[in-house]
file run_39.pdb (PDB, C-alpha atoms (C1' of nucleotides) and all ligand atoms)
ATOM      1  CA  MET A   1      71.604-225.730  -9.471
ATOM      2  CA  SER A   2      75.051-224.164  -9.092
ATOM      3  CA  THR A   3      75.279-220.443  -9.535
ATOM      4  CA  GLY A   4      78.850-220.578 -10.673
ATOM      5  CA  HIS A   5      79.555-217.514  -8.567
ATOM      6  CA  HIS A   6      80.805-219.171  -5.444
ATOM      7  CA  HIS A   7      84.298-219.929  -4.357
ATOM      8  CA  GLN A   8      83.514-223.585  -4.078
ATOM      9  CA  PRO A   9      80.422-223.942  -6.203
ATOM     10  CA  ILE A  10      78.390-227.053  -5.686
ATOM     11  CA  ASP A  11      75.273-228.644  -7.047
ATOM     12  CA  LEU A  12      73.230-229.161  -3.941
ATOM     13  CA  THR A  13      71.979-232.619  -3.168
ATOM     14  CA  ARG A  14      68.485-233.223  -1.861
ATOM     15  CA  ASN A  15      69.593-233.195   1.783
ATOM     16  CA  GLN A  16      71.707-230.103   1.319
ATOM     17  CA  SER A  17      68.827-228.273  -0.367
ATOM     18  CA  LEU A  18      66.459-229.237   2.410
ATOM     19  CA  VAL A  19      68.820-227.974   5.102
ATOM     20  CA  LEU A  20      69.478-224.746   3.220
ATOM     21  CA  GLY A  21      65.745-224.299   2.720
ATOM     22  CA  ALA A  22      65.071-224.767   6.413
ATOM     23  CA  LEU A  23      67.617-222.065   7.241
ATOM     24  CA  GLU A  24      66.210-219.729   4.583
ATOM     25  CA  LYS A  25      62.683-220.130   5.902
ATOM     26  CA  ALA A  26      63.779-219.489   9.473
ATOM     27  CA  GLU A  27      63.779-215.935  10.741
ATOM     28  CA  GLY A  28      67.005-216.508  12.651
ATOM     29  CA  PRO A  29      69.710-219.036  13.417
ATOM     30  CA  LEU A  30      68.826-222.669  13.978
ATOM     31  CA  SER A  31      70.629-225.399  15.867
ATOM     32  CA  ALA A  32      71.408-228.596  14.032
ATOM     33  CA  TYR A  33      68.831-230.459  16.084
ATOM     34  CA  THR A  34      66.155-227.865  15.368
ATOM     35  CA  ILE A  35      66.857-228.302  11.677
ATOM     36  CA  LEU A  36      66.551-232.037  12.161
ATOM     37  CA  ASP A  37      63.159-231.629  13.815
ATOM     38  CA  ARG A  38      61.909-229.408  11.005
ATOM     39  CA  LEU A  39      62.933-231.935   8.380
ATOM     40  CA  ARG A  40      61.377-235.011   9.971
ATOM     41  CA  ASP A  41      58.562-234.924   7.441
ATOM     42  CA  ASP A  42      61.128-234.875   4.661
ATOM     43  CA  GLY A  43      62.647-238.096   5.861
ATOM     44  CA  PHE A  44      65.396-236.849   8.155
ATOM     45  CA  ARG A  45      66.073-239.232  11.002
ATOM     46  CA  ALA A  46      69.572-238.646  12.394
ATOM     47  CA  PRO A  47      71.766-235.660  13.346
ATOM     48  CA  LEU A  48      74.450-236.756  10.940
ATOM     49  CA  GLN A  49      72.199-236.049   7.984
ATOM     50  CA  VAL A  50      72.064-232.432   9.121
ATOM     51  CA  TYR A  51      75.729-232.116  10.027
ATOM     52  CA  ARG A  52      76.860-233.577   6.720
ATOM     53  CA  ALA A  53      74.720-231.148   4.763
ATOM     54  CA  LEU A  54      75.877-228.256   6.933
ATOM     55  CA  ASP A  55      79.510-229.143   6.286
ATOM     56  CA  LYS A  56      78.978-228.771   2.559
ATOM     57  CA  LEU A  57      76.948-225.593   2.891
ATOM     58  CA  LEU A  58      79.562-224.058   5.182
ATOM     59  CA  GLY A  59      82.281-224.994   2.725
ATOM     60  CA  ALA A  60      80.366-223.336  -0.093
ATOM     61  CA  GLY A  61      79.856-220.193   1.981
ATOM     62  CA  LEU A  62      76.085-220.462   1.809
ATOM     63  CA  VAL A  63      75.724-220.864   5.555
ATOM     64  CA  HIS A  64      77.606-219.543   8.572
ATOM     65  CA  ARG A  65      78.132-221.045  11.977
ATOM     66  CA  LEU A  66      77.613-218.843  15.033
ATOM     67  CA  GLU A  67      80.138-220.120  17.535
ATOM     68  CA  SER A  68      78.652-218.429  20.549
ATOM     69  CA  LEU A  69      75.244-219.942  19.802
ATOM     70  CA  ASN A  70      76.192-223.357  18.453
ATOM     71  CA  ALA A  71      73.785-222.543  15.657
ATOM     72  CA  PHE A  72      73.711-221.917  11.942
ATOM     73  CA  VAL A  73      72.378-219.121   9.799
ATOM     74  CA  VAL A  74      71.985-218.657   6.066
ATOM     75  CA  CYS A  75      74.418-216.182   4.527
ATOM     76  CA  ALA A  76      72.829-212.768   4.245
ATOM     77  CA  HIS A  77      74.814-211.741   1.173
ATOM     78  CA  PRO A  78      74.860-213.112  -2.339
ATOM     79  CA  ASN A  79      78.566-213.772  -2.384
ATOM     80  CA  CYS A  80      79.865-212.730   0.967
ATOM     81  CA  HIS A  81      82.629-215.297   0.875
ATOM     82  CA  ALA A  82      84.448-212.870  -1.381
ATOM     83  CA  GLN A  83      84.789-210.603   1.621
ATOM     84  CA  GLY A  84      87.412-212.064   3.880
ATOM     85  CA  MET A  85      85.999-211.304   7.264
ATOM     86  CA  ILE A  86      82.456-211.487   8.499
ATOM     87  CA  ALA A  87      80.982-210.264  11.748
ATOM     88  CA  PHE A  88      77.644-210.918  13.379
ATOM     89  CA  ALA A  89      75.505-208.880  15.733
ATOM     90  CA  ILE A  90      73.268-211.239  17.662
ATOM     91  CA  CYS A  91      70.261-210.010  19.607
ATOM     92  CA  GLY A  92      69.810-211.916  22.825
ATOM     93  CA  THR A  93      66.169-210.880  23.042
ATOM     94  CA  CYS A  94      64.651-211.702  19.656
ATOM     95  CA  GLY A  95      67.422-213.887  18.298
ATOM     96  CA  LYS A  96      67.858-211.922  15.093
ATOM     97  CA  VAL A  97      71.302-211.864  13.543
ATOM     98  CA  ASP A  98      72.784-209.066  11.492
ATOM     99  CA  GLU A  99      75.718-209.967   9.271
ATOM    100  CA  PHE A 100      78.232-207.295   8.394
ATOM    101  CA  SER A 101      81.866-206.732   7.570
ATOM    102  CA  ASP A 102      84.370-204.000   8.208
ATOM    103  CA  ALA A 103      87.528-203.510   6.201
ATOM    104  CA  VAL A 104      89.291-201.640   9.009
ATOM    105  CA  VAL A 105      88.647-204.403  11.509
ATOM    106  CA  GLN A 106      89.867-206.884   8.962
ATOM    107  CA  GLU A 107      93.003-204.848   8.345
ATOM    108  CA  ARG A 108      93.759-204.447  12.050
ATOM    109  CA  LEU A 109      93.362-208.116  12.844
ATOM    110  CA  GLY A 110      95.443-208.941   9.790
ATOM    111  CA  SER A 111      98.130-206.557  11.032
ATOM    112  CA  TRP A 112      98.186-208.153  14.439
ATOM    113  CA  ALA A 113      98.586-211.551  12.821
ATOM    114  CA  ARG A 114     101.455-210.356  10.629
ATOM    115  CA  GLU A 115     103.248-208.698  13.512
ATOM    116  CA  ASN A 116     102.937-211.816  15.618
ATOM    117  CA  ALA A 117     103.727-214.270  12.831
ATOM    118  CA  PHE A 118     100.332-215.852  13.329
ATOM    119  CA  LYS A 119      98.827-217.441  10.242
ATOM    120  CA  ALA A 120      95.117-216.770  10.585
ATOM    121  CA  GLU A 121      92.845-219.158   8.766
ATOM    122  CA  LYS A 122      89.507-218.055  10.100
ATOM    123  CA  SER A 123      88.183-215.223  12.182
ATOM    124  CA  ILE A 124      85.209-215.217  14.486
ATOM    125  CA  ILE A 125      83.595-211.892  15.361
ATOM    126  CA  GLU A 126      80.305-211.917  17.193
ATOM    127  CA  LEU A 127      78.651-209.077  19.067
ATOM    128  CA  ARG A 128      76.109-210.100  21.669
ATOM    129  CA  GLY A 129      73.561-207.554  22.782
ATOM    130  CA  THR A 130      70.163-206.099  21.984
ATOM    131  CA  CYS A 131      68.963-204.983  18.570
ATOM    132  CA  ALA A 132      67.306-201.673  17.742
ATOM    133  CA  GLY A 133      63.858-203.216  17.463
ATOM    134  CA  CYS A 134      64.027-204.798  20.881
ATOM    135  CA  LEU A 135      65.392-201.615  22.479
ATOM    136  CA  ASN A 136      62.515-199.513  21.111
ATOM    137  CA  GLY A 137      59.674-201.990  21.416
TER     138      GLY A 137
ATOM    139  CA  MET B   1      92.080-213.483  49.074
ATOM    140  CA  SER B   2      90.657-210.568  47.131
ATOM    141  CA  THR B   3      93.126-208.389  45.286
ATOM    142  CA  GLY B   4      90.862-205.398  45.402
ATOM    143  CA  HIS B   5      91.962-204.543  41.877
ATOM    144  CA  HIS B   6      89.169-206.142  39.923
ATOM    145  CA  HIS B   7      85.968-204.699  38.642
ATOM    146  CA  GLN B   8      83.961-207.207  40.601
ATOM    147  CA  PRO B   9      86.394-208.282  43.273
ATOM    148  CA  ILE B  10      85.633-211.487  45.062
ATOM    149  CA  ASP B  11      87.097-213.580  47.781
ATOM    150  CA  LEU B  12      87.520-216.891  46.093
ATOM    151  CA  THR B  13      85.964-219.933  47.674
ATOM    152  CA  ARG B  14      87.760-223.239  47.799
ATOM    153  CA  ASN B  15      86.128-224.529  44.630
ATOM    154  CA  GLN B  16      86.755-221.306  42.788
ATOM    155  CA  SER B  17      90.405-221.292  43.823
ATOM    156  CA  LEU B  18      90.836-224.879  42.726
ATOM    157  CA  VAL B  19      89.342-224.205  39.303
ATOM    158  CA  LEU B  20      91.421-221.064  38.868
ATOM    159  CA  GLY B  21      94.510-222.973  39.937
ATOM    160  CA  ALA B  22      93.831-225.708  37.413
ATOM    161  CA  LEU B  23      93.583-223.128  34.652
ATOM    162  CA  GLU B  24      96.747-221.362  35.817
ATOM    163  CA  LYS B  25      98.706-224.590  35.866
ATOM    164  CA  ALA B  26      97.510-225.548  32.395
ATOM    165  CA  GLU B  27      99.567-224.419  29.426
ATOM    166  CA  GLY B  28      96.432-223.690  27.417
ATOM    167  CA  PRO B  29      92.658-223.659  27.535
ATOM    168  CA  LEU B  30      90.787-226.431  29.324
ATOM    169  CA  SER B  31      87.265-227.712  28.871
ATOM    170  CA  ALA B  32      85.024-227.828  31.907
ATOM    171  CA  TYR B  33      85.180-231.604  31.908
ATOM    172  CA  THR B  34      88.966-231.613  31.721
ATOM    173  CA  ILE B  35      89.033-229.318  34.740
ATOM    174  CA  LEU B  36      86.676-231.703  36.482
ATOM    175  CA  ASP B  37      89.006-234.628  35.776
ATOM    176  CA  ARG B  38      92.004-232.717  37.100
ATOM    177  CA  LEU B  39      90.215-231.892  40.340
ATOM    178  CA  ARG B  40      88.944-235.385  41.153
ATOM    179  CA  ASP B  41      91.599-235.759  43.815
ATOM    180  CA  ASP B  42      90.439-232.504  45.379
ATOM    181  CA  GLY B  43      86.940-233.844  45.817
ATOM    182  CA  PHE B  44      85.269-232.693  42.625
ATOM    183  CA  ARG B  45      82.569-235.066  41.486
ATOM    184  CA  ALA B  46      80.110-233.272  39.201
ATOM    185  CA  PRO B  47      80.286-230.843  36.249
ATOM    186  CA  LEU B  48      78.209-228.316  38.115
ATOM    187  CA  GLN B  49      80.973-227.775  40.625
ATOM    188  CA  VAL B  50      83.173-226.624  37.768
ATOM    189  CA  TYR B  51      80.534-224.585  35.954
ATOM    190  CA  ARG B  52      79.520-222.749  39.102
ATOM    191  CA  ALA B  53      83.109-221.802  39.877
ATOM    192  CA  LEU B  54      83.675-220.774  36.257
ATOM    193  CA  ASP B  55      80.631-218.497  36.370
ATOM    194  CA  LYS B  56      82.119-216.571  39.251
ATOM    195  CA  LEU B  57      85.593-216.443  37.745
ATOM    196  CA  LEU B  58      84.177-215.234  34.427
ATOM    197  CA  GLY B  59      82.194-212.579  36.222
ATOM    198  CA  ALA B  60      85.302-211.389  38.035
ATOM    199  CA  GLY B  61      87.263-211.247  34.776
ATOM    200  CA  LEU B  62      89.822-213.761  35.989
ATOM    201  CA  VAL B  63      88.943-216.302  33.322
ATOM    202  CA  HIS B  64      87.753-216.077  29.719
ATOM    203  CA  ARG B  65      85.593-218.418  27.721
ATOM    204  CA  LEU B  66      86.698-219.345  24.222
ATOM    205  CA  GLU B  67      83.473-219.764  22.320
ATOM    206  CA  SER B  68      84.945-221.536  19.348
ATOM    207  CA  LEU B  69      86.577-224.143  21.592
ATOM    208  CA  ASN B  70      83.993-224.516  24.330
ATOM    209  CA  ALA B  71      86.907-224.086  26.668
ATOM    210  CA  PHE B  72      88.225-221.727  29.309
ATOM    211  CA  VAL B  73      91.517-219.939  29.815
ATOM    212  CA  VAL B  74      92.967-217.874  32.603
ATOM    213  CA  CYS B  75      93.193-214.155  31.859
ATOM    214  CA  ALA B  76      96.634-213.266  30.594
ATOM    215  CA  HIS B  77      96.592-209.729  31.957
ATOM    216  CA  PRO B  78      96.495-208.395  35.494
ATOM    217  CA  ASN B  79      93.414-206.278  34.966
ATOM    218  CA  CYS B  80      92.398-206.823  31.414
ATOM    219  CA  HIS B  81      88.749-206.248  32.214
ATOM    220  CA  ALA B  82      89.627-202.562  32.206
ATOM    221  CA  GLN B  83      90.116-202.869  28.476
ATOM    222  CA  GLY B  84      86.701-203.189  26.941
ATOM    223  CA  MET B  85      87.377-205.632  24.161
ATOM    224  CA  ILE B  86      89.527-208.725  24.149
ATOM    225  CA  ALA B  87      90.602-210.878  21.245
ATOM    226  CA  PHE B  88      92.214-214.286  21.125
ATOM    227  CA  ALA B  89      94.530-215.935  18.635
ATOM    228  CA  ILE B  90      94.167-219.678  18.945
ATOM    229  CA  CYS B  91      96.684-222.074  17.445
ATOM    230  CA  GLY B  92      95.016-225.163  16.062
ATOM    231  CA  THR B  93      98.275-227.105  16.186
ATOM    232  CA  CYS B  94      99.653-226.610  19.704
ATOM    233  CA  GLY B  95      96.534-225.190  21.330
ATOM    234  CA  LYS B  96      98.244-222.087  22.663
ATOM    235  CA  VAL B  97      96.141-218.980  23.049
ATOM    236  CA  ASP B  98      97.365-215.410  22.769
ATOM    237  CA  GLU B  99      95.180-212.749  24.326
ATOM    238  CA  PHE B 100      95.306-209.241  22.923
ATOM    239  CA  SER B 101      93.254-206.137  22.391
ATOM    240  CA  ASP B 102      93.057-203.456  19.740
ATOM    241  CA  ALA B 103      91.569-200.033  20.297
ATOM    242  CA  VAL B 104      90.855-199.499  16.602
ATOM    243  CA  VAL B 105      88.928-202.736  16.325
ATOM    244  CA  GLN B 106      87.049-201.786  19.455
ATOM    245  CA  GLU B 107      86.241-198.368  18.044
ATOM    246  CA  ARG B 108      85.070-199.746  14.703
ATOM    247  CA  LEU B 109      82.777-202.351  16.222
ATOM    248  CA  GLY B 110      81.467-199.709  18.605
ATOM    249  CA  SER B 111      80.783-197.440  15.651
ATOM    250  CA  TRP B 112      78.884-200.139  13.842
ATOM    251  CA  ALA B 113      76.791-200.733  16.928
ATOM    252  CA  ARG B 114      76.016-197.020  17.328
ATOM    253  CA  GLU B 115      75.091-196.621  13.672
ATOM    254  CA  ASN B 116      72.800-199.607  13.837
ATOM    255  CA  ALA B 117      71.327-198.822  17.238
ATOM    256  CA  PHE B 118      72.632-202.109  18.534
ATOM    257  CA  LYS B 119      73.438-202.198  22.227
ATOM    258  CA  ALA B 120      76.489-204.441  22.453
ATOM    259  CA  GLU B 121      77.011-206.142  25.780
ATOM    260  CA  LYS B 122      79.829-208.474  24.882
ATOM    261  CA  SER B 123      82.114-209.013  21.957
ATOM    262  CA  ILE B 124      83.708-212.227  20.825
ATOM    263  CA  ILE B 125      86.817-212.042  18.659
ATOM    264  CA  GLU B 126      88.753-215.214  17.999
ATOM    265  CA  LEU B 127      91.351-215.856  15.331
ATOM    266  CA  ARG B 128      91.896-219.485  14.448
ATOM    267  CA  GLY B 129      95.121-220.440  12.756
ATOM    268  CA  THR B 130      98.724-221.437  13.389
ATOM    269  CA  CYS B 131     101.123-219.732  15.758
ATOM    270  CA  ALA B 132     104.664-218.614  14.986
ATOM    271  CA  GLY B 133     106.216-221.490  16.896
ATOM    272  CA  CYS B 134     104.258-224.119  15.012
ATOM    273  CA  LEU B 135     104.981-222.476  11.661
ATOM    274  CA  ASN B 136     108.727-222.472  12.265
ATOM    275  CA  GLY B 137     109.131-225.724  14.151
TER     276      GLY B 137
ATOM    277  C1'  DT C   1      68.915-217.567  68.035
ATOM    278  C1'  DT C   2      66.646-217.175  63.794
ATOM    279  C1'  DC C   3      66.486-215.644  59.285
ATOM    280  C1'  DG C   4      68.204-215.202  54.671
ATOM    281  C1'  DC C   5      71.486-215.846  51.220
ATOM    282  C1'  DA C   6      75.390-217.733  48.815
ATOM    283  C1'  DA C   7      77.718-221.783  48.051
ATOM    284  C1'  DT C   8      77.768-226.696  47.778
ATOM    285  C1'  DG C   9      76.705-231.907  46.755
ATOM    286  C1'  DT C  10      74.479-235.053  43.881
ATOM    287  C1'  DA C  11      71.603-237.007  40.364
ATOM    288  C1'  DA C  12      69.251-236.638  36.354
ATOM    289  C1'  DT C  13      68.520-234.676  32.105
ATOM    290  C1'  DA C  14      69.132-231.716  28.053
ATOM    291  C1'  DT C  15      71.822-230.262  24.186
ATOM    292  C1'  DC C  16      75.452-230.490  20.743
ATOM    293  C1'  DA C  17      78.591-233.322  17.820
ATOM    294  C1'  DT C  18      81.239-237.399  16.127
ATOM    295  C1'  DT C  19      82.540-242.277  15.201
ATOM    296  C1'  DA C  20      81.596-246.566  13.045
ATOM    297  C1'  DC C  21      79.877-249.321   9.598
ATOM    298  C1'  DG C  22      77.346-250.758   5.876
ATOM    299  C1'  DT C  23      74.519-249.416   1.657
ATOM    300  C1'  DT C  24      73.206-246.637  -2.263
ATOM    301  C1'  DT C  25      74.063-243.601  -5.999
ATOM    302  C1'  DG C  26      76.392-241.133  -9.447
ATOM    303  C1'  DT C  27      80.197-241.050 -12.748
ATOM    304  C1'  DG C  28      83.911-241.975 -15.788
ATOM    305  C1'  DA C  29      87.279-245.492 -17.826
ATOM    306  C1'  DG C  30      87.602-249.282 -20.589
TER     307       DG C  30
ATOM    308  C1'  DC D   1      77.366-251.740 -20.975
ATOM    309  C1'  DT D   2      80.090-253.034 -16.967
ATOM    310  C1'  DC D   3      83.294-252.327 -13.659
ATOM    311  C1'  DA D   4      85.608-249.553 -10.299
ATOM    312  C1'  DC D   5      85.750-245.737  -7.533
ATOM    313  C1'  DA D   6      84.201-241.852  -4.900
ATOM    314  C1'  DA D   7      80.605-239.203  -2.838
ATOM    315  C1'  DA D   8      76.588-239.216  -0.495
ATOM    316  C1'  DC D   9      73.441-241.485   2.421
ATOM    317  C1'  DG D  10      71.010-244.318   6.460
ATOM    318  C1'  DT D  11      71.269-245.780  11.004
ATOM    319  C1'  DA D  12      72.907-246.756  15.566
ATOM    320  C1'  DA D  13      75.859-245.903  19.107
ATOM    321  C1'  DT D  14      78.693-243.056  21.572
ATOM    322  C1'  DG D  15      81.069-238.951  23.139
ATOM    323  C1'  DA D  16      81.237-234.109  24.693
ATOM    324  C1'  DT D  17      79.235-230.012  26.652
ATOM    325  C1'  DA D  18      75.860-227.736  29.694
ATOM    326  C1'  DT D  19      71.688-227.154  32.582
ATOM    327  C1'  DT D  20      67.786-228.233  35.775
ATOM    328  C1'  DA D  21      66.145-229.815  40.123
ATOM    329  C1'  DC D  22      66.343-230.382  44.801
ATOM    330  C1'  DA D  23      68.292-231.125  49.260
ATOM    331  C1'  DT D  24      71.962-229.433  52.363
ATOM    332  C1'  DT D  25      75.580-226.594  54.493
ATOM    333  C1'  DG D  26      78.076-222.377  56.060
ATOM    334  C1'  DC D  27      77.827-217.907  57.630
ATOM    335  C1'  DG D  28      76.733-213.094  58.568
ATOM    336  C1'  DA D  29      72.826-209.805  59.840
ATOM    337  C1'  DA D  30      68.939-208.743  62.595
TER     338       DA D  30
HETATM  339 ZN    ZN A 201      77.661-214.381   4.612
HETATM  340 ZN    ZN A 202      66.099-208.065  19.041
HETATM  341 ZN    ZN A 203      91.974-211.150  30.003
HETATM  342 ZN    ZN A 204     101.076-223.444  17.817
END

call {"tool": "encode", "arguments": {"input": "run_39.pdb", "output": "structure tokens", "more": "lines below"}}
Ligand SMILES: [Zn+2]
Ligand SMILES: [Zn+2]
Ligand SMILES: [Zn+2]
Ligand SMILES: [Zn+2]
result
Amino acid sequence: MSTGHHHQPIDLTRNQSLVLGALEKAEGPLSAYTILDRLRDDGFRAPLQVYRALDKLLGAGLVHRLESLNAFVVCAHPNCHAQGMIAFAICGTCGKVDEFSDAVVQERLGSWARENAFKAEKSIIELRGTCAGCLNG
Amino acid sequence: MSTGHHHQPIDLTRNQSLVLGALEKAEGPLSAYTILDRLRDDGFRAPLQVYRALDKLLGAGLVHRLESLNAFVVCAHPNCHAQGMIAFAICGTCGKVDEFSDAVVQERLGSWARENAFKAEKSIIELRGTCAGCLNG
DNA sequence: TTCGCAATGTAATATCATTACGTTTGTGAG
DNA sequence: CTCACAAACGTAATGATATTACATTGCGAA
């Protein structure tokens, strides 16, 4: 089941596949408890089953966590983990999330870290607003 | 009590002043419940007292919310709300938070939004890592 | 004074996440 | 094959964060 293309490739277990599938089917981000509800019929009973699967999927770069939403979304790119920095544009109206990256932003934040002797391990960039579809509709 | 310098100046109420004072005294970010605990002696009893004060302080730009920590920190700059975009470097070891801004980052994220017809209302930029002090010490 | 609004007090509830502990399953050494 | 170990799993309990609901108070405008 592993693609062999990921930074930390893994063969997904049943629970991990179910959680990933739930996120792939969803049109937007899901909270852990929403995932749990959607997997009741598959035998899920407790939050920890979801959180444990999410931990693995996050580690493999297949899923991202949206900090400002306390929710999770499937990675929009085949191998986006190769790109260092990821940003999200989150529509507050329809809930859609657009994943993108910007080399200049990455470079500038990296520069700030160097200049301030800050060892950055992870960056969180989230834009909250309204998407094109919701502005027009 | 108003400084008259803020975008949405307010005369702070007693509760708001107490919450702001707790954040100013703290060496780093505090959760709402930690603030509540520190204000027990001042008559605070319920989370809502803290959240309501925080709402006002956030609106006035006197306090920032750190999304990746679910915590709050006093604004490090006199009138930082004048700068559109704020970023935070958060040390996972000592908990210190460094607030900064970068015009290039702001411009690039603004460009992305324009190109994608996304109306950004708020941006969240948080670097997680280790600060200079913790790396050396 | 009377109205209207912002702020407050309090309780209950909703939502998000982790700890604890025991069991099952897969895997490789011998 | 059997044992030993590690990873994953099941379940319950608890902890942490945030909001809803409703009654009350303080205060300025009409
Ligand atoms: Zn991705
Ligand atoms: Zn939208
Ligand atoms: Zn600030
Ligand atoms: Zn530090």

call {"tool": "resolve_selection", "arguments": {"input": "run_39.pdb", "expression": "the PyMOL selection byres (((not hetatm)) within 7 of (chain A and resi 201))", "output": "PyMOL selection string"}}
result
chain A and resi 61-64+75-77+80-81+86+99

call {"tool": "residues_around", "arguments": {"input": "run_39.pdb", "residues": "DA4 in chain D", "least_positions_apart": "3", "cutoff": "12 Å", "atoms": "all atoms listed in the file", "output": "CSV table (one decimal) with C-alpha atoms (C1' of nucleotides), in the coordinates of the input"}}
result
chain,number,residue,atom,x,y,z
C,27,DT,C1',80.2,-241.0,-12.7
C,28,DG,C1',83.9,-242.0,-15.8
C,29,DA,C1',87.3,-245.5,-17.8
C,30,DG,C1',87.6,-249.3,-20.6

call {"tool": "resolve_selection", "arguments": {"input": "run_39.pdb", "expression": "the PyMOL selection byres (((chain C and resi 20) around 9) and not hetatm)", "output": "ChimeraX atom specification"}}
result
/C:19,21 /D:13

call {"tool": "resolve_selection", "arguments": {"input": "run_39.pdb", "expression": "the PyMOL selection byres ((chain A and not hetatm) within 9 of (chain C))", "output": "MDAnalysis selection string"}}
result
chainID A and resid 31:33 47:48 51 70

call {"tool": "closest_residue", "arguments": {"input": "run_39.pdb", "among": "A:Ala46, A:Leu30, A:Ala132, A:Val97", "to": "chain D", "atoms": "only C-alpha atoms (C1' of nucleotides)"}}
result
A:Ala46
